[in-house]
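Q: Structure file structure-v4.cif (mmCIF, C-alpha atoms) is given on the next line.
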```
data_start
loop_
_atom_site.group_PDB
_atom_site.id
_atom_site.type_symbol
_atom_site.label_atom_id
_atom_site.label_comp_id
_atom_site.auth_asym_id
_atom_site.auth_seq_id
_atom_site.Cartn_x
_atom_site.Cartn_y
_atom_site.Cartn_z
ATOM 1 C CA MET H 30 120.035 158.928 99.156
ATOM 2 C CA PHE H 31 122.166 155.983 100.412
ATOM 3 C CA SER H 32 119.048 154.696 102.182
ATOM 4 C CA GLY H 33 120.104 151.070 101.789
ATOM 5 C CA ALA H 34 116.561 149.883 101.036
ATOM 6 C CA SER H 35 117.975 147.358 98.553
ATOM 7 C CA ASN H 36 121.364 146.034 97.532
ATOM 8 C CA PHE H 37 121.462 148.471 94.579
ATOM 9 C CA THR H 38 120.871 151.802 96.313
ATOM 10 C CA ASN H 39 124.459 152.566 97.337
ATOM 11 C CA GLY H 40 125.960 151.648 93.956
ATOM 12 C CA VAL H 41 123.405 153.637 91.955
ATOM 13 C CA ASP H 42 123.626 156.639 94.282
ATOM 14 C CA LEU H 43 127.424 156.613 94.167
ATOM 15 C CA THR H 44 127.385 156.531 90.359
ATOM 16 C CA PHE H 45 124.903 159.408 90.324
ATOM 17 C CA LEU H 46 127.037 161.493 92.690
ATOM 18 C CA ILE H 47 130.195 160.870 90.656
ATOM 19 C CA ILE H 48 128.489 161.968 87.418
ATOM 20 C CA LEU H 49 126.882 164.940 89.176
ATOM 21 C CA GLY H 50 130.191 165.961 90.741
ATOM 22 C CA ILE H 51 132.093 165.784 87.450
ATOM 23 C CA SER H 52 129.356 167.746 85.692
ATOM 24 C CA PHE H 53 129.380 170.382 88.443
ATOM 25 C CA ILE H 54 133.183 170.777 88.257
ATOM 26 C CA PHE H 55 133.032 171.231 84.493
ATOM 27 C CA LEU H 56 130.145 173.675 84.763
ATOM 28 C CA ILE H 57 131.991 175.866 87.277
ATOM 29 C CA GLY H 58 135.345 175.481 85.528
ATOM 30 C CA LEU H 59 134.132 176.263 82.020
ATOM 31 C CA THR H 60 131.962 179.149 83.191
ATOM 32 C CA ALA H 61 134.863 180.662 85.145
ATOM 33 C CA THR H 62 137.193 180.242 82.142
ATOM 34 C CA MET H 63 134.697 181.934 79.813
ATOM 35 C CA ILE H 64 134.332 184.893 82.187
ATOM 36 C CA ALA H 65 138.115 185.193 82.622
ATOM 37 C CA PHE H 66 138.684 185.114 78.861
ATOM 38 C CA ALA H 67 135.938 187.679 78.265
ATOM 39 C CA VAL H 68 137.553 190.059 80.768
ATOM 40 C CA LYS H 69 141.179 189.475 79.780
ATOM 41 C CA PHE H 70 140.748 189.465 76.013
ATOM 42 C CA ASN H 71 138.059 192.112 75.528
ATOM 43 C CA LYS H 72 138.310 194.494 72.577
ATOM 44 C CA LYS H 73 139.399 197.502 74.667
ATOM 45 C CA ARG H 74 142.503 195.705 75.936
ATOM 46 C CA HIS H 75 143.247 193.949 72.647
ATOM 47 C CA PRO H 76 141.952 196.052 69.725
ATOM 48 C CA LYS H 77 143.907 193.864 67.321
ATOM 49 C CA ALA H 78 143.762 190.074 67.270
ATOM 50 C CA VAL H 79 146.959 188.300 68.284
ATOM 51 C CA GLN H 80 147.882 184.753 67.303
ATOM 52 C CA PHE H 81 148.932 182.570 70.250
ATOM 53 C CA GLU H 82 151.365 179.712 69.847
ATOM 54 C CA ASP H 83 150.113 176.148 70.300
ATOM 55 C CA LYS H 84 150.844 174.476 73.634
ATOM 56 C CA MET H 85 151.094 170.708 73.514
ATOM 57 C CA ILE H 86 150.333 170.309 77.213
ATOM 58 C CA LEU H 87 146.932 171.971 76.732
ATOM 59 C CA GLU H 88 146.172 169.830 73.678
ATOM 60 C CA VAL H 89 146.932 166.675 75.644
ATOM 61 C CA ALA H 90 145.072 167.860 78.747
ATOM 62 C CA TRP H 91 141.733 168.622 77.119
ATOM 63 C CA ILE H 92 141.787 165.272 75.334
ATOM 64 C CA ALA H 93 143.117 163.080 78.139
ATOM 65 C CA VAL H 94 141.197 164.528 81.087
ATOM 66 C CA PRO H 95 137.674 164.254 79.554
ATOM 67 C CA THR H 96 138.535 160.773 78.246
ATOM 68 C CA VAL H 97 139.567 159.578 81.710
ATOM 69 C CA LEU H 98 136.470 161.099 83.319
ATOM 70 C CA VAL H 99 134.121 159.578 80.743
ATOM 71 C CA LEU H 100 135.745 156.155 81.230
ATOM 72 C CA LEU H 101 135.369 156.584 85.004
ATOM 73 C CA MET H 102 131.627 157.287 84.653
ATOM 74 C CA PHE H 103 131.284 154.362 82.243
ATOM 75 C CA TYR H 104 133.069 152.036 84.657
ATOM 76 C CA TYR H 105 130.773 152.721 87.603
ATOM 77 C CA GLY H 106 127.678 152.560 85.391
ATOM 78 C CA TYR H 107 128.807 149.308 83.759
ATOM 79 C CA VAL H 108 129.624 147.612 87.064
ATOM 80 C CA ASN H 109 126.132 148.398 88.384
ATOM 81 C CA PHE H 110 124.527 147.328 85.103
ATOM 82 C CA ILE H 111 126.236 143.922 85.101
ATOM 83 C CA THR H 112 125.290 143.358 88.738
ATOM 84 C CA GLU H 113 121.642 144.195 88.081
ATOM 85 C CA ARG H 114 121.607 141.816 85.085
ATOM 86 C CA THR H 115 123.031 138.841 86.995
ATOM 87 C CA PRO H 116 120.558 137.456 89.545
ATOM 88 C CA PRO H 117 121.762 134.796 91.999
ATOM 89 C CA LYS H 118 120.912 131.234 91.012
ATOM 90 C CA ASP H 119 119.133 130.650 94.314
ATOM 91 C CA ALA H 120 116.939 133.752 93.997
ATOM 92 C CA MET H 121 113.241 133.314 94.756
ATOM 93 C CA VAL H 122 111.249 133.647 91.489
ATOM 94 C CA ILE H 123 107.964 135.567 91.479
ATOM 95 C CA ASN H 124 105.954 135.964 88.277
ATOM 96 C CA VAL H 125 104.736 139.503 87.681
ATOM 97 C CA THR H 126 102.037 140.541 85.208
ATOM 98 C CA GLY H 127 101.478 144.172 84.316
ATOM 99 C CA LYS H 128 98.008 144.873 82.948
ATOM 100 C CA MET H 129 96.041 148.019 82.278
ATOM 101 C CA TRP H 130 96.121 149.202 85.056
ATOM 102 C CA TYR H 131 97.358 147.011 87.881
ATOM 103 C CA TRP H 132 100.065 144.538 88.890
ATOM 104 C CA THR H 133 99.601 140.885 89.850
ATOM 105 C CA PHE H 134 102.209 138.811 91.679
ATOM 106 C CA ASP H 135 102.146 135.017 91.329
ATOM 107 C CA HIS H 136 104.086 133.172 94.042
ATOM 108 C CA GLY H 137 103.324 129.783 92.484
ATOM 109 C CA ASN H 138 100.781 127.059 93.268
ATOM 110 C CA GLY H 139 97.912 129.463 92.534
ATOM 111 C CA LYS H 140 98.921 131.938 95.238
ATOM 112 C CA ILE H 141 98.330 135.256 93.503
ATOM 113 C CA LYS H 142 98.269 138.740 95.041
ATOM 114 C CA LYS H 143 97.165 141.946 93.327
ATOM 115 C CA ASP H 144 99.046 145.260 93.650
ATOM 116 C CA THR H 145 101.020 144.210 96.767
ATOM 117 C CA LEU H 146 104.288 142.290 96.549
ATOM 118 C CA VAL H 147 105.349 140.776 99.861
ATOM 119 C CA VAL H 148 108.988 139.654 100.093
ATOM 120 C CA PRO H 149 111.275 138.396 102.887
ATOM 121 C CA LEU H 150 114.034 140.600 104.270
ATOM 122 C CA GLY H 151 117.540 139.795 103.025
ATOM 123 C CA LYS H 152 116.467 137.225 100.410
ATOM 124 C CA ALA H 153 117.234 137.625 96.700
ATOM 125 C CA VAL H 154 114.035 138.025 94.653
ATOM 126 C CA ASN H 155 113.954 137.492 90.880
ATOM 127 C CA LEU H 156 110.900 138.982 89.143
ATOM 128 C CA SER H 157 109.868 137.311 85.879
ATOM 129 C CA MET H 158 107.662 139.905 84.190
ATOM 130 C CA THR H 159 105.311 140.005 81.223
ATOM 131 C CA SER H 160 102.316 141.945 79.890
ATOM 132 C CA PRO H 161 99.233 140.816 77.947
ATOM 133 C CA ASP H 162 98.364 144.266 76.569
ATOM 134 C CA VAL H 163 100.808 147.184 76.258
ATOM 135 C CA THR H 164 104.300 148.072 77.462
ATOM 136 C CA HIS H 165 104.552 148.916 81.151
ATOM 137 C CA SER H 166 107.594 149.626 83.315
ATOM 138 C CA PHE H 167 108.122 148.219 86.810
ATOM 139 C CA TYR H 168 109.744 150.987 88.849
ATOM 140 C CA VAL H 169 110.644 151.058 92.552
ATOM 141 C CA PRO H 170 112.433 154.373 93.306
ATOM 142 C CA ALA H 171 113.492 153.377 96.830
ATOM 143 C CA PHE H 172 115.217 150.245 95.465
ATOM 144 C CA ARG H 173 116.739 152.091 92.449
ATOM 145 C CA ILE H 174 115.355 149.474 90.057
ATOM 146 C CA LYS H 175 113.326 149.796 86.851
ATOM 147 C CA GLU H 176 112.604 147.437 83.963
ATOM 148 C CA ASP H 177 110.183 147.505 81.027
ATOM 149 C CA VAL H 178 107.396 144.913 80.944
ATOM 150 C CA VAL H 179 106.849 144.104 77.268
ATOM 151 C CA PRO H 180 103.962 142.204 75.585
ATOM 152 C CA GLY H 181 105.077 138.873 74.141
ATOM 153 C CA GLN H 182 108.379 138.915 76.040
ATOM 154 C CA THR H 183 109.615 137.958 79.491
ATOM 155 C CA THR H 184 111.877 140.470 81.206
ATOM 156 C CA HIS H 185 113.655 140.026 84.521
ATOM 157 C CA LEU H 186 114.495 142.206 87.491
ATOM 158 C CA TRP H 187 116.093 141.175 90.761
ATOM 159 C CA PHE H 188 116.921 142.743 94.112
ATOM 160 C CA ILE H 189 117.646 141.984 97.760
ATOM 161 C CA PRO H 190 115.447 143.966 100.178
ATOM 162 C CA GLN H 191 117.490 145.279 103.090
ATOM 163 C CA GLN H 192 114.950 147.248 105.115
ATOM 164 C CA VAL H 193 111.611 146.266 106.623
ATOM 165 C CA GLY H 194 108.768 148.492 105.456
ATOM 166 C CA CYS H 195 106.536 149.429 102.527
ATOM 167 C CA PHE H 196 107.913 150.867 99.284
ATOM 168 C CA ASP H 197 106.011 152.309 96.319
ATOM 169 C CA ILE H 198 105.758 150.601 92.928
ATOM 170 C CA PHE H 199 105.042 152.775 89.883
ATOM 171 C CA CYS H 200 104.564 152.210 86.184
ATOM 172 C CA ALA H 201 107.192 154.400 84.493
ATOM 173 C CA GLU H 202 105.852 153.898 80.950
ATOM 174 C CA PHE H 203 102.746 155.776 79.790
ATOM 175 C CA CYS H 204 100.275 152.948 79.223
ATOM 176 C CA GLY H 205 96.921 154.605 78.701
ATOM 177 C CA LEU H 206 94.201 156.658 80.310
ATOM 178 C CA ARG H 207 94.659 155.377 83.877
ATOM 179 C CA HIS H 208 98.450 155.117 83.789
ATOM 180 C CA SER H 209 98.758 157.171 86.990
ATOM 181 C CA TYR H 210 96.512 154.676 88.814
ATOM 182 C CA MET H 211 98.928 151.799 88.151
ATOM 183 C CA ILE H 212 100.620 151.836 91.531
ATOM 184 C CA GLY H 213 101.459 149.147 94.029
ATOM 185 C CA ILE H 214 103.493 148.380 97.144
ATOM 186 C CA ILE H 215 106.458 146.183 97.980
ATOM 187 C CA LYS H 216 106.080 145.088 101.576
ATOM 188 C CA VAL H 217 109.303 143.804 103.126
ATOM 189 C CA VAL H 218 108.842 141.605 106.207
ATOM 190 C CA GLU H 219 110.969 139.304 108.324
ATOM 191 C CA GLU H 220 111.508 135.832 106.855
ATOM 192 C CA LYS H 221 109.358 134.101 109.476
ATOM 193 C CA GLU H 222 106.513 136.557 108.940
ATOM 194 C CA TYR H 223 106.771 136.034 105.174
ATOM 195 C CA ALA H 224 106.501 132.255 105.565
ATOM 196 C CA ASN H 225 103.350 132.642 107.698
ATOM 197 C CA TRP H 226 101.854 135.149 105.233
ATOM 198 C CA LEU H 227 102.496 132.883 102.238
ATOM 199 C CA ALA H 228 101.019 129.875 104.029
ATOM 200 C CA LYS H 229 97.818 131.821 104.768
ATOM 201 C CA LEU H 230 97.539 133.370 101.280
ATOM 202 C CA PRO H 231 94.472 131.748 99.673
ATOM 203 C CA VAL H 232 94.854 129.817 96.447
ATOM 204 C CA THR H 233 93.188 131.522 93.511
ATOM 205 C CA ASP H 234 91.033 128.993 91.692
ATOM 206 C CA LEU H 235 91.231 130.144 88.071
ATOM 207 C CA ASN H 236 88.487 127.671 87.172
ATOM 208 C CA SER H 237 86.071 129.573 89.428
ATOM 209 C CA ILE H 238 86.484 132.763 87.387
ATOM 210 C CA PRO H 239 83.800 133.021 84.672
ATOM 211 C CA LYS H 240 85.275 132.218 81.269
ATOM 212 C CA GLY H 241 83.649 135.301 79.752
ATOM 213 C CA LEU H 242 85.453 137.543 82.251
ATOM 214 C CA VAL H 243 88.752 135.769 81.537
ATOM 215 C CA LEU H 244 88.234 136.299 77.787
ATOM 216 C CA MET H 245 87.512 139.999 78.253
ATOM 217 C CA ASP H 246 90.617 140.390 80.400
ATOM 218 C CA LYS H 247 92.675 138.505 77.812
ATOM 219 C CA ASN H 248 91.414 140.696 74.971
ATOM 220 C CA ARG H 249 92.037 143.921 76.951
ATOM 221 C CA CYS H 250 88.340 144.844 77.202
ATOM 222 C CA LEU H 251 88.651 145.680 80.907
ATOM 223 C CA GLY H 252 91.337 148.246 80.198
ATOM 224 C CA CYS H 253 88.786 150.514 78.504
ATOM 225 C CA HIS H 254 85.505 149.454 80.155
ATOM 226 C CA SER H 255 85.268 149.612 83.936
ATOM 227 C CA GLN H 256 83.274 147.260 86.146
ATOM 228 C CA ASP H 257 82.754 149.751 88.956
ATOM 229 C CA GLY H 258 81.048 152.606 87.116
ATOM 230 C CA SER H 259 84.161 154.768 86.731
ATOM 231 C CA GLU H 260 84.647 156.499 83.388
ATOM 232 C CA LEU H 261 87.310 155.165 81.064
ATOM 233 C CA ILE H 262 87.764 155.289 77.303
ATOM 234 C CA GLY H 263 84.593 153.259 76.760
ATOM 235 C CA PRO H 264 81.289 152.979 78.647
ATOM 236 C CA SER H 265 81.194 151.054 81.911
ATOM 237 C CA PHE H 266 79.849 147.515 82.214
ATOM 238 C CA VAL H 267 77.821 148.508 85.291
ATOM 239 C CA ASN H 268 74.043 148.267 84.634
ATOM 240 C CA PHE H 269 74.812 146.734 81.257
ATOM 241 C CA TYR H 270 72.863 143.686 80.044
ATOM 242 C CA GLY H 271 69.122 144.306 79.848
ATOM 243 C CA HIS H 272 69.431 148.065 80.366
ATOM 244 C CA GLU H 273 68.757 150.826 77.854
ATOM 245 C CA ARG H 274 71.428 153.002 76.309
ATOM 246 C CA THR H 275 71.384 155.979 74.002
ATOM 247 C CA VAL H 276 73.567 155.340 70.960
ATOM 248 C CA LEU H 277 74.454 157.213 67.790
ATOM 249 C CA VAL H 278 73.724 155.438 64.517
ATOM 250 C CA ASP H 279 74.778 157.384 61.395
ATOM 251 C CA GLY H 280 74.736 160.537 63.507
ATOM 252 C CA LYS H 281 71.200 159.995 64.823
ATOM 253 C CA GLU H 282 70.319 159.161 68.408
ATOM 254 C CA GLU H 283 68.547 155.893 69.132
ATOM 255 C CA ILE H 284 67.578 154.197 72.385
ATOM 256 C CA ILE H 285 68.440 150.511 72.356
ATOM 257 C CA LYS H 286 68.274 147.714 74.884
ATOM 258 C CA VAL H 287 71.517 145.887 75.583
ATOM 259 C CA ASP H 288 70.968 142.281 74.507
ATOM 260 C CA SER H 289 72.946 139.469 72.913
ATOM 261 C CA SER H 290 72.703 140.990 69.460
ATOM 262 C CA TYR H 291 73.959 144.388 70.658
ATOM 263 C CA ILE H 292 76.932 142.844 72.475
ATOM 264 C CA ARG H 293 77.887 140.766 69.447
ATOM 265 C CA ASN H 294 77.660 143.758 67.099
ATOM 266 C CA SER H 295 79.626 145.931 69.541
ATOM 267 C CA ILE H 296 82.459 143.383 69.523
ATOM 268 C CA LEU H 297 82.555 142.797 65.768
ATOM 269 C CA SER H 298 81.591 146.310 64.570
ATOM 270 C CA PRO H 299 82.195 148.627 67.544
ATOM 271 C CA ASN H 300 81.809 151.874 65.582
ATOM 272 C CA ALA H 301 78.348 151.093 64.184
ATOM 273 C CA GLN H 302 76.552 152.046 67.408
ATOM 274 C CA ILE H 303 78.484 154.502 69.583
ATOM 275 C CA VAL H 304 77.157 155.153 73.079
ATOM 276 C CA LYS H 305 76.321 158.837 73.417
ATOM 277 C CA GLY H 306 79.155 160.817 74.999
ATOM 278 C CA TYR H 307 81.941 158.556 73.716
ATOM 279 C CA LYS H 308 84.155 158.867 70.657
ATOM 280 C CA SER H 309 84.146 156.534 67.680
ATOM 281 C CA GLY H 310 87.240 154.910 66.220
ATOM 282 C CA LEU H 311 88.877 154.144 69.568
ATOM 283 C CA MET H 312 87.987 150.443 69.593
ATOM 284 C CA LYS H 313 89.211 148.140 66.847
ATOM 285 C CA PRO H 314 86.808 145.598 65.300
ATOM 286 C CA TYR H 315 87.331 142.111 66.722
ATOM 287 C CA GLN H 316 86.119 140.369 63.568
ATOM 288 C CA GLY H 317 88.414 137.373 63.091
ATOM 289 C CA VAL H 318 90.061 137.964 66.473
ATOM 290 C CA ILE H 319 87.431 136.534 68.811
ATOM 291 C CA SER H 320 85.592 133.362 67.807
ATOM 292 C CA ASP H 321 81.803 133.004 67.956
ATOM 293 C CA LYS H 322 82.247 130.526 70.779
ATOM 294 C CA ASP H 323 84.184 133.083 72.853
ATOM 295 C CA ILE H 324 81.636 135.819 72.070
ATOM 296 C CA ASN H 325 78.898 133.514 73.367
ATOM 297 C CA GLU H 326 80.882 133.015 76.582
ATOM 298 C CA ILE H 327 81.142 136.796 77.037
ATOM 299 C CA ILE H 328 77.393 137.194 76.430
ATOM 300 C CA LYS H 329 76.732 134.355 78.891
ATOM 301 C CA TYR H 330 78.825 136.165 81.530
ATOM 302 C CA PHE H 331 76.823 139.381 81.166
ATOM 303 C CA LYS H 332 73.530 137.460 81.279
ATOM 304 C CA THR H 333 74.582 135.638 84.447
ATOM 305 C CA LYS H 334 75.772 138.854 86.055
ATOM 306 C CA SER H 335 72.475 140.568 85.262
ATOM 307 C CA GLU H 336 70.430 137.628 86.616
ATOM 308 C CA LYS H 337 72.348 137.687 89.908
ATOM 309 C CA LYS H 338 71.463 141.338 90.408
ATOM 310 C CA ASN H 339 67.814 140.651 89.693
#
```
For the file at hand, write its structure as structure tokens.
A:
Amino acid sequence: MFSGASNFTNGVDLTFLIILGISFIFLIGLTATMIAFAVKFNKKRHPKAVQFEDKMILEVAWIAVPTVLVLLMFYYGYVNFITERTPPKDAMVINVTGKMWYWTFDHGNGKIKKDTLVVPLGKAVNLSMTSPDVTHSFYVPAFRIKEDVVPGQTTHLWFIPQQVGCFDIFCAEFCGLRHSYMIGIIKVVEEKEYANWLAKLPVTDLNSIPKGLVLMDKNRCLGCHSQDGSELIGPSFVNFYGHERTVLVDGKEEIIKVDSSYIRNSILSPNAQIVKGYKSGLMKPYQGVISDKDINEIIKYFKTKSEKKN
């Protein structure tokens, strides 16, 4: 608490302590009052109910005091909210994309870094964030900042890092099977070190990425099918094209060879042939969503990948 890792930590922590302190005072005060009343006005001491006269000062007190305290909590919360929603005009803009299940940080001019955001100490950073699949939430506990990353929208989050070091990034919105794996790091370095790092960061040539892989990423295929053999919602793409798989067709097991026809049918009618060990109904049909041309590009990617291994 009050770590000073970003420009928001002290304000957020102070607001939290004020609300916590007020809540604690009311908890102790109300509990003590209840106990005192239970002892003083128990049935043995007062077998018959007695009507007490109204006291204006009490009426005013229990209306005015909570009102003032609520307005005090609102004030501190509102001041922090407005500050967090007003980035400096000279803030450095970094484009952030949240995908199932990783973060990418685009510094411009094709300089893209995955899962690690490097920023200079003491410089305002404005994150322009979006998602191509589902809602995520960019959360850095040490900086006291959090903002949803919503498909089809651009959300913003800014901060000024005030301590050199590494700080955890989490996704605070449940986004699927590997939600807990969606972690990253903000690395805060001196300004000179940041300039050297950015200059050495290689440019990502998007044209060098196979179009089929880009299409699968765009259509959220890689969120359910791994490329490293790990188990997700759907079967992995490791040892895929040209290999045999056991599938269920109308409840009966069949051994098929993964070819162009199988890939096309799996995209357009994914529940017709379910790989053994996986559930049906989890993948939507892509009929009318992906064009034949794009399907051919995906098939071409798998063919090329298989040929490289052979």
Q: On this structure, which residues satisfy the PyMOL selection byres ((chain H and resi 187) around 10), written as a list of chain:residue names?
A: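 On this input, the PyMOL selection byres ((chain H and resi 187) around 10) captures H:Asn36, H:Phe37, H:Thr112, H:Glu113, H:Arg114, H:Thr115, H:Pro116, H:Pro117, H:Ala120, H:Met121, H:Val122, H:Ile123, H:Ala153, H:Val154, H:Asn155, H:Leu156, H:Ser157, H:Ile174, H:Lys175, H:Glu176, H:His185, H:Leu186, H:Phe188, H:Ile189, H:Pro190.
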Q: Give me the residues within 9 Å of segment 297-310 of chain H as an MDAnalysis selection string, counting only C-alpha atoms and dropping any in the same chain fewer than 6 places off.
A: chainID H and resid 262:264 274:279 282 291 316:319
Q: Residues proximal to (129.9, 160.0, 92.5) were defined as those with any atom within 12 Å of that point in the file's coordinates, counting only C-alpha atoms. Which are they, as a PyMOL selection string?
A: chain H and resi 30-31+39-53+98+101-106
Q: Smallest atom-to-atom distance to Ala171 of chain H: which of H:Ala228, H:Ala34, H:Ile328, H:Leu251, using only C-alpha atoms?
A: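 With only C-alpha atoms as the atom set, the closest residue is H:Ala34.
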Q: Residues picked by the PyMOL selection byres ((chain H and resi 148) around 12) here, as a PyMOL selection string?
A: chain H and resi 35+120-123+134+136+142+145-147+149-156+187-196+214-227
Q: Between atom CA of Thr38 of chain H and atom CA of Phe172 of chain H, what is the distance in Å, rounded to a tenth?
A: 5.9 Å
Q: Need the shell around segment 331-336 of chain H: protein/DNA/RNA residues with any atom at most 8 Å away, counting all atoms listed in the file. Skip same-chain ones fewer than 6 positions apart. Format as a PDB file with C-alpha atoms, in the frame of the given file?
A:
```
ATOM      1  CA  ASN H 268      74.043 148.267  84.634  1.00  0.00           C
ATOM      2  CA  PHE H 269      74.812 146.734  81.257  1.00  0.00           C
ATOM      3  CA  TYR H 270      72.863 143.686  80.044  1.00  0.00           C
ATOM      4  CA  GLY H 271      69.122 144.306  79.848  1.00  0.00           C
TER       5      GLY H 271
END
```
Q: Build an axis-aligned box that encloses every atom of segment 156-167 of chain H listed in the file, pad it by 3 Å on each side, and report its centre and edge lengths in Å to one decimal, as lines of an AutoDock Vina configuration file.
A:
```
center_x = 104.6
center_y = 143.5
center_z = 82.7
size_x = 18.5
size_y = 18.3
size_z = 18.9
```
Q: Please identify all polymer residues within 7 Å of Gly258 of chain H, counting all atoms listed in the file, omitting same-chain residues fewer than 3 positions from it, and present them as a ChimeraX atom specification.
A: /H:255,265,267
Q: If you measure from atom CA of Ile284 of chain H to atom CA of Glu260 of chain H, what distance in Å do you get, rounded to one decimal?
A: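 That distance, rounded to one decimal, is 20.4 Å.
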Q: Here's the selection I'm unsure about, the PyMOL selection byres ((chain H and resi 241) around 10); applied to the file above, which residues does it give, as an MDAnalysis selection string?
A: chainID H and resid 238:240 242:247 323:331
Q: Would you work out the distance separating atom CA of Cys253 of chain H from atom CA of Leu311 of chain H, expressed in Å to one decimal?
A: 9.6 Å
Q: Using all atoms listed in the file, which of the listed residues (H:Gly127, H:Gly58, H:Pro231, H:Gly252) sits closest to Arg207 of chain H?
A: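 Of H:Gly127, H:Gly58, H:Pro231, H:Gly252, the one nearest Arg207 of chain H, counting all atoms listed in the file, is H:Gly252.
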Q: Rank nothing, just name the residue among H:Trp130, H:Asn124, H:Thr233, H:Thr184 nearest to Phe199 of chain H, using all atoms listed in the file.
A: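 Answer, going by the shortest atom-to-atom distance: H:Trp130.
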Q: List as a list of chain:residue names the residues having at least one atom at most 9 Å from position (95.9, 156.3, 79.9) as given in the file, counting only C-alpha atoms.
A: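 Answer for this query, in the requested form: H:Met129, H:Trp130, H:Phe203, H:Cys204, H:Gly205, H:Leu206, H:Arg207, H:His208, H:Ser209, H:Leu261, H:Ile262.
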Q: Quick one: of H:Met158, H:Ala65, H:Ile86, H:Ile198, who's nearest to Pro170 of chain H, counting all atoms listed in the file?
A: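 With all atoms listed in the file as the atom set, the closest residue is H:Ile198.
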Q: For a quick check of understanding, using only C-alpha atoms, which of H:Asp197, H:Met63, H:Leu230, H:Asp83 has the smallest distance to Met211 of chain H?
A: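 Looking only at the distances to Met211 of chain H, the closest residue turns out to be H:Asp197.
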Q: I'd like to know which of H:Arg249, H:Asn294, H:Lys143, H:Leu100 is closest to Ser160 of chain H, using only C-alpha atoms.
A: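 Closest candidate: H:Arg249.
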